[in-house]
Amino acid sequence: MHAALDILGLVAVVGFVAAFARRFKISEPLALIAVGIGISFIPRVLEIKLTPDLVLIGLLPPLLYSAAIRTSLVDFKANRRAIVLLSVGLVAFSTVAVGFVAWWAIPGIPLAAAFALGAVVAPPDAVAATTVARRVGMPRRIVAILEGESLVNDATALVALNTAIAALTASVSVWHISWDFLRAAGGGVLIGFVAAFALALVRKRITDPVLDTTLSFGAPYVAFLPAEEIHSSGVLAVVVTGLILGHQAPVLQTAGSRVAENINWRTVQFVLENAVFLLIGLQIRDLIHNVTAQHLSWGDVLPPSLAVVGATMAARIVWVFASTGTIRLLHQPAWTWGAATVVSWAGMRGVVTLAAAFLLPADTPKRSLLALCAFIVVASTLLIQGLSLPWLVRRLRLPGPDAAEDALQAAGLVTDAARAGLVVLERVRTPEDPPEVIAQLEERAMRRANQIWEQLGRSQTELEPPTVTYRRLRLQMLAAERASIIEARDRGVYDDDILRTALAAIDTEESLLDRVADAAARIDDELVTQERRAGDCRHLEEAPRVVQPLTPTGCEECLRDGTRWVHLRLCLSCGHVGCCDTSVGRHATGHFHETGHPVMRSFEPGEAWRWCYVDELLG
């Protein structure tokens, strides 16, 4: 019963503190560690001991898998050089650099034990870095690199730690170290591919979302346990399995299964990620007790701990800048110095560091001091780097994700997808198909695309866009339908299964009514689609950026006919101003069909994106 109360208390504290931190925009990891430290000094409250098995087997595989299935395999491949430099090269460099500093700062420990401490503090924590990165609007490439690094660096650090532990009792050769690394890396990747292949075969035959989610919960251990059994990297096996299954999810899973898996894993990830930081704080009392039991004063603890903290931070800075400079000297593509500065400072440590400290053998000289040093590294990096990283990003003015350009890219992507659906509809329709059904399908195919286009600008007439009107009225209708079903339930007229099915249908439709973003936030700079998305369009290259509008006050045809428009488009060949496809008249598209003028430009305030009707590309 005591264990059950501890689990309930842990989840309750995690939920409350995380909600409080989000409400007041405080770092969640720091808040949870601080609360954990406070609770650790309260007798008989959440006395949960953090053990290596609990973290490395119970928590790490599902955490890595939940991150891997949502990590883009395409982005991972695109940034593989930077990820390898950080997750392998930087971990090895940090292990050696911190090891020598610890050997110098802590009297009486062998060099192997110092290297073990270096391996313990080498891997940054994924949660802390990416939480800050996303909150402050860090460039997506940097976020992708930090996420990729965090998926792989734990494996490198654990291999280095095992090698250092082996060196405590026996001599270790370079060949031994190389073989351990190759066995861990190669075996982990191989097991990951095999596990992903086997799970994919099973997943193809599952259509029930409940069964598919059950399979998903077991997937991390299907990869992790066999890899660990052959002394390979279970961490790498889980990462490879998650990356592959996440990439293949649209092909392997049904839509319902993907939605269920996403929601369930987000919940699991939230609880586990935040629980581990609370658990870190809960260990501080025992760590201090173990150190004082060895009759060590704070004068014996703080100087070497601060030296290790400084070495840990400095090693990352030196490696990142040295790597960036070397790559630039070789005239190879490299990130900017501003990006290098942010990456070098995004080195917050987390639960793997503390759990790895407990892997040190019990007879390791000054083991308690080494464990406390690891905790101080975690707390210091979260406090110093975690709190200052948002300021650094703002100070360097790195371009973060742009909401308006995101909407522009989404509009082009969804429009292409809708047109692909219309092509298939035209191919598979038969003369016997009712025309009204075909018209309904065509309208539905373009509805979502038109809605996204509407997010790009505010109508000059300040009219409510049709999709916003539809959502507003439909939500009121659904509320009335739900109230009617609830009233029928209370009267006891229908069976419970029938009532639940009807309510579920309303809930599903309501969840699909996307919120249209507020168009008040505008930008003045021109939006230009990236080349890899826009492609090579001769019409966009030859078209001017702007021409004199023939009717600056609005759509030429709408002004003539007395109708209303939603958004305006400017023909860059003749200056014709027409209304968008969301408007009733669709006069901009009609003008293209009449004249063949290929390129139009948005005529909305603060917008400058262009569209080629011929090649159907943004530019």
# chains A, B, ... in the order shown; residues from 1 in each chain; ligands from 1

$ residues_around --residues "Asn290 of chain A" --least-positions-apart "6" --cutoff "10 Å" --atoms "only C-alpha atoms" --output "count of residues only"
7

$ select_by_dssp --residues "segment 359-445 of chain A" --states "alpha helix (DSSP H)" --output "PyMOL selection string"
chain A and resi 367-396+403-428+435-445

$ write_last_selection --atoms "C-alpha atoms" --output "PDB file, in the first residue's frame"
ATOM      1  CA  ARG A 367      32.036   6.737  -4.841  1.00  0.00           C
ATOM      2  CA  SER A 368      29.638   8.896  -2.788  1.00  0.00           C
ATOM      3  CA  LEU A 369      31.581  12.036  -3.649  1.00  0.00           C
ATOM      4  CA  LEU A 370      31.521  11.137  -7.338  1.00  0.00           C
ATOM      5  CA  ALA A 371      27.743  10.623  -7.193  1.00  0.00           C
ATOM      6  CA  LEU A 372      27.261  13.969  -5.458  1.00  0.00           C
ATOM      7  CA  CYS A 373      29.483  15.625  -8.092  1.00  0.00           C
ATOM      8  CA  ALA A 374      27.197  14.181 -10.767  1.00  0.00           C
ATOM      9  CA  PHE A 375      24.145  15.639  -9.010  1.00  0.00           C
ATOM     10  CA  ILE A 376      25.795  19.053  -8.711  1.00  0.00           C
ATOM     11  CA  VAL A 377      26.587  18.940 -12.453  1.00  0.00           C
ATOM     12  CA  VAL A 378      22.924  18.194 -13.222  1.00  0.00           C
ATOM     13  CA  ALA A 379      21.615  20.939 -10.941  1.00  0.00           C
ATOM     14  CA  SER A 380      24.215  23.506 -12.045  1.00  0.00           C
ATOM     15  CA  THR A 381      23.755  23.005 -15.776  1.00  0.00           C
ATOM     16  CA  LEU A 382      19.968  23.149 -15.445  1.00  0.00           C
ATOM     17  CA  LEU A 383      20.217  26.289 -13.329  1.00  0.00           C
ATOM     18  CA  ILE A 384      22.937  28.166 -15.225  1.00  0.00           C
ATOM     19  CA  GLN A 385      22.444  27.039 -18.806  1.00  0.00           C
ATOM     20  CA  GLY A 386      18.729  26.298 -18.570  1.00  0.00           C
ATOM     21  CA  LEU A 387      17.855  29.759 -17.287  1.00  0.00           C
ATOM     22  CA  SER A 388      20.272  31.680 -19.528  1.00  0.00           C
ATOM     23  CA  LEU A 389      19.632  29.804 -22.794  1.00  0.00           C
ATOM     24  CA  PRO A 390      16.398  31.710 -23.628  1.00  0.00           C
ATOM     25  CA  TRP A 391      18.227  35.008 -23.077  1.00  0.00           C
ATOM     26  CA  LEU A 392      21.100  33.850 -25.286  1.00  0.00           C
ATOM     27  CA  VAL A 393      18.764  32.888 -28.142  1.00  0.00           C
ATOM     28  CA  ARG A 394      17.023  36.265 -27.975  1.00  0.00           C
ATOM     29  CA  ARG A 395      20.355  38.083 -27.726  1.00  0.00           C
ATOM     30  CA  LEU A 396      21.743  36.386 -30.834  1.00  0.00           C
ATOM     31  CA  ALA A 403       4.071  31.338 -38.048  1.00  0.00           C
ATOM     32  CA  ALA A 404       3.114  33.163 -41.244  1.00  0.00           C
ATOM     33  CA  GLU A 405       5.626  31.282 -43.386  1.00  0.00           C
ATOM     34  CA  ASP A 406       4.558  28.001 -41.745  1.00  0.00           C
ATOM     35  CA  ALA A 407       1.000  28.762 -42.826  1.00  0.00           C
ATOM     36  CA  LEU A 408       2.260  29.586 -46.323  1.00  0.00           C
ATOM     37  CA  GLN A 409       4.100  26.269 -46.605  1.00  0.00           C
ATOM     38  CA  ALA A 410       1.124  24.381 -45.174  1.00  0.00           C
ATOM     39  CA  ALA A 411      -1.196  26.026 -47.679  1.00  0.00           C
ATOM     40  CA  GLY A 412       0.953  24.933 -50.596  1.00  0.00           C
ATOM     41  CA  LEU A 413       1.373  21.402 -49.235  1.00  0.00           C
ATOM     42  CA  VAL A 414      -2.311  20.862 -48.464  1.00  0.00           C
ATOM     43  CA  THR A 415      -3.327  22.360 -51.814  1.00  0.00           C
ATOM     44  CA  ASP A 416      -1.052  19.888 -53.622  1.00  0.00           C
ATOM     45  CA  ALA A 417      -2.546  17.023 -51.600  1.00  0.00           C
ATOM     46  CA  ALA A 418      -6.094  18.187 -52.357  1.00  0.00           C
ATOM     47  CA  ARG A 419      -5.351  18.387 -56.072  1.00  0.00           C
ATOM     48  CA  ALA A 420      -3.909  14.854 -55.965  1.00  0.00           C
ATOM     49  CA  GLY A 421      -7.180  13.686 -54.429  1.00  0.00           C
ATOM     50  CA  LEU A 422      -9.181  15.459 -57.138  1.00  0.00           C
ATOM     51  CA  VAL A 423      -7.082  13.772 -59.837  1.00  0.00           C
ATOM     52  CA  VAL A 424      -7.917  10.366 -58.371  1.00  0.00           C
ATOM     53  CA  LEU A 425     -11.591  11.335 -58.087  1.00  0.00           C
ATOM     54  CA  GLU A 426     -11.659  12.262 -61.764  1.00  0.00           C
ATOM     55  CA  ARG A 427     -10.066   8.939 -62.673  1.00  0.00           C
ATOM     56  CA  VAL A 428     -12.274   6.633 -60.588  1.00  0.00           C
ATOM     57  CA  PRO A 435     -23.276  14.722 -59.745  1.00  0.00           C
ATOM     58  CA  GLU A 436     -24.220  16.195 -56.381  1.00  0.00           C
ATOM     59  CA  VAL A 437     -21.985  13.660 -54.626  1.00  0.00           C
ATOM     60  CA  ILE A 438     -19.076  14.513 -56.940  1.00  0.00           C
ATOM     61  CA  ALA A 439     -19.605  18.215 -56.286  1.00  0.00           C
ATOM     62  CA  GLN A 440     -19.659  17.599 -52.528  1.00  0.00           C
ATOM     63  CA  LEU A 441     -16.411  15.623 -52.706  1.00  0.00           C
ATOM     64  CA  GLU A 442     -14.724  18.333 -54.769  1.00  0.00           C
ATOM     65  CA  GLU A 443     -15.820  21.032 -52.350  1.00  0.00           C
ATOM     66  CA  ARG A 444     -14.672  19.022 -49.346  1.00  0.00           C
ATOM     67  CA  ALA A 445     -11.282  18.312 -50.945  1.00  0.00           C
TER      68      ALA A 445
END

$ closest_residue --among "A:Cys555, A:Ala67, A:Cys612, A:Ala164" --to "Ser573 of chain A" --atoms "only C-alpha atoms"
A:Cys612

$ atom_distance --atom1 "atom CA of Leu63 of chain A" --atom2 "atom CA of Leu243 of chain A"
13.1 Å

$ closest_atom_pairs --of "segment 29-107 of chain A" --to "segment 321-326 of chain A" --cutoff "12 Å" --atoms "only C-alpha atoms" --output "Markdown table"
| residue | atom | partner | partner_atom | distance |
| --- | --- | --- | --- | --- |
| A:Arg81 | CA | A:Ser323 | CA | 11.0 |
| A:Ala82 | CA | A:Ser323 | CA | 9.3 |
| A:Val84 | CA | A:Ser323 | CA | 11.6 |
| A:Leu85 | CA | A:Ser323 | CA | 8.0 |
| A:Leu86 | CA | A:Ser323 | CA | 9.6 |
| A:Gly89 | CA | A:Ser323 | CA | 9.7 |
| A:Leu90 | CA | A:Ser323 | CA | 9.6 |
| A:Phe93 | CA | A:Ala322 | CA | 11.7 |

$ write_last_selection --atoms "N, CA and C atoms" --output "short mmCIF file (atom, residue, chain, number, x, y, z; two decimals), in the first residue's frame"
data_model
loop_
_atom_site.label_atom_id
_atom_site.label_comp_id
_atom_site.auth_asym_id
_atom_site.auth_seq_id
_atom_site.Cartn_x
_atom_site.Cartn_y
_atom_site.Cartn_z
N ARG A 81 25.85 14.39 -39.78
CA ARG A 81 27.23 14.75 -39.47
C ARG A 81 27.31 15.50 -38.15
N ALA A 82 26.43 16.49 -37.98
CA ALA A 82 26.43 17.26 -36.73
C ALA A 82 26.04 16.37 -35.55
N VAL A 84 26.49 13.09 -35.21
CA VAL A 84 27.61 12.19 -34.87
C VAL A 84 28.71 12.97 -34.15
N LEU A 85 29.01 14.17 -34.62
CA LEU A 85 30.03 14.99 -33.96
C LEU A 85 29.69 15.24 -32.49
N LEU A 86 28.41 15.45 -32.21
CA LEU A 86 28.00 15.76 -30.84
C LEU A 86 27.80 14.49 -30.01
N GLY A 89 31.66 12.14 -30.93
CA GLY A 89 32.90 12.88 -30.72
C GLY A 89 32.90 13.71 -29.45
N LEU A 90 31.82 14.46 -29.23
CA LEU A 90 31.77 15.33 -28.04
C LEU A 90 31.71 14.51 -26.76
N PHE A 93 35.21 13.28 -26.11
CA PHE A 93 36.05 14.40 -25.70
C PHE A 93 35.73 14.84 -24.28
#

$ closest_residue --among "A:Ala483, A:Ala355, A:Ala237, A:Ala114" --to "Gly58 of chain A" --atoms "only C-alpha atoms"
A:Ala355

$ closest_residue --among "A:Leu540, A:Ala200, A:Cys574, A:Leu503" --to "Arg610 of chain A" --atoms "only C-alpha atoms"
A:Leu540

$ decode --residues "segment 67-84 of chain A" --atoms "N, CA, C and O atoms" --output "JSON list (two decimals), in the first residue's frame"
[["chain", "number", "residue", "atom", "x", "y", "z"],
["A", 67, "ALA", "N", 10.38, 9.61, -27.98],
["A", 67, "ALA", "CA", 11.03, 10.70, -28.70],
["A", 67, "ALA", "C", 11.37, 10.28, -30.13],
["A", 67, "ALA", "O", 11.23, 11.08, -31.07],
["A", 68, "ALA", "N", 11.81, 9.04, -30.31],
["A", 68, "ALA", "CA", 12.26, 8.58, -31.63],
["A", 68, "ALA", "C", 11.11, 8.50, -32.62],
["A", 68, "ALA", "O", 11.27, 8.86, -33.80],
["A", 69, "ILE", "N", 9.92, 8.05, -32.20],
["A", 69, "ILE", "CA", 8.83, 7.90, -33.16],
["A", 69, "ILE", "C", 8.31, 9.25, -33.65],
["A", 69, "ILE", "O", 7.64, 9.33, -34.68],
["A", 70, "ARG", "N", 8.64, 10.32, -32.93],
["A", 70, "ARG", "CA", 8.22, 11.65, -33.37],
["A", 70, "ARG", "C", 9.38, 12.45, -33.94],
["A", 70, "ARG", "O", 9.23, 13.64, -34.24],
["A", 71, "THR", "N", 10.52, 11.81, -34.10],
["A", 71, "THR", "CA", 11.68, 12.47, -34.71],
["A", 71, "THR", "C", 11.69, 12.16, -36.20],
["A", 71, "THR", "O", 11.51, 11.02, -36.61],
["A", 72, "SER", "N", 11.91, 13.19, -36.99],
["A", 72, "SER", "CA", 11.93, 13.02, -38.44],
["A", 72, "SER", "C", 13.18, 12.26, -38.87],
["A", 72, "SER", "O", 14.30, 12.71, -38.63],
["A", 73, "LEU", "N", 12.98, 11.12, -39.50],
["A", 73, "LEU", "CA", 14.12, 10.37, -40.03],
["A", 73, "LEU", "C", 14.82, 11.15, -41.14],
["A", 73, "LEU", "O", 16.04, 11.07, -41.29],
["A", 74, "VAL", "N", 14.05, 11.92, -41.89],
["A", 74, "VAL", "CA", 14.63, 12.74, -42.95],
["A", 74, "VAL", "C", 15.55, 13.81, -42.35],
["A", 74, "VAL", "O", 16.68, 14.01, -42.81],
["A", 75, "ASP", "N", 15.08, 14.49, -41.30],
["A", 75, "ASP", "CA", 15.92, 15.50, -40.64],
["A", 75, "ASP", "C", 17.13, 14.86, -39.97],
["A", 75, "ASP", "O", 18.22, 15.44, -39.95],
["A", 76, "PHE", "N", 16.92, 13.67, -39.40],
["A", 76, "PHE", "CA", 18.03, 12.97, -38.75],
["A", 76, "PHE", "C", 19.13, 12.66, -39.77],
["A", 76, "PHE", "O", 20.32, 12.88, -39.50],
["A", 77, "LYS", "N", 18.76, 12.19, -40.94],
["A", 77, "LYS", "CA", 19.74, 11.90, -41.98],
["A", 77, "LYS", "C", 20.41, 13.19, -42.47],
["A", 77, "LYS", "O", 21.62, 13.22, -42.71],
["A", 78, "ALA", "N", 19.61, 14.24, -42.63],
["A", 78, "ALA", "CA", 20.15, 15.49, -43.14],
["A", 78, "ALA", "C", 21.18, 16.10, -42.19],
["A", 78, "ALA", "O", 22.12, 16.77, -42.63],
["A", 79, "ASN", "N", 21.02, 15.86, -40.90],
["A", 79, "ASN", "CA", 21.91, 16.44, -39.89],
["A", 79, "ASN", "C", 22.83, 15.40, -39.26],
["A", 79, "ASN", "O", 23.36, 15.61, -38.17],
["A", 80, "ARG", "N", 23.04, 14.29, -39.95],
["A", 80, "ARG", "CA", 23.77, 13.17, -39.34],
["A", 80, "ARG", "C", 25.21, 13.52, -38.99],
["A", 80, "ARG", "O", 25.74, 13.04, -37.98],
["A", 81, "ARG", "N", 25.85, 14.39, -39.78],
["A", 81, "ARG", "CA", 27.23, 14.75, -39.47],
["A", 81, "ARG", "C", 27.31, 15.50, -38.15],
["A", 81, "ARG", "O", 28.13, 15.19, -37.29],
["A", 82, "ALA", "N", 26.43, 16.49, -37.98],
["A", 82, "ALA", "CA", 26.43, 17.26, -36.73],
["A", 82, "ALA", "C", 26.04, 16.37, -35.55],
["A", 82, "ALA", "O", 26.60, 16.49, -34.46],
["A", 83, "ILE", "N", 25.09, 15.47, -35.77],
["A", 83, "ILE", "CA", 24.64, 14.58, -34.69],
["A", 83, "ILE", "C", 25.76, 13.65, -34.25],
["A", 83, "ILE", "O", 25.98, 13.43, -33.05],
["A", 84, "VAL", "N", 26.49, 13.09, -35.21],
["A", 84, "VAL", "CA", 27.61, 12.19, -34.87],
["A", 84, "VAL", "C", 28.71, 12.97, -34.15],
["A", 84, "VAL", "O", 29.30, 12.48, -33.17]]
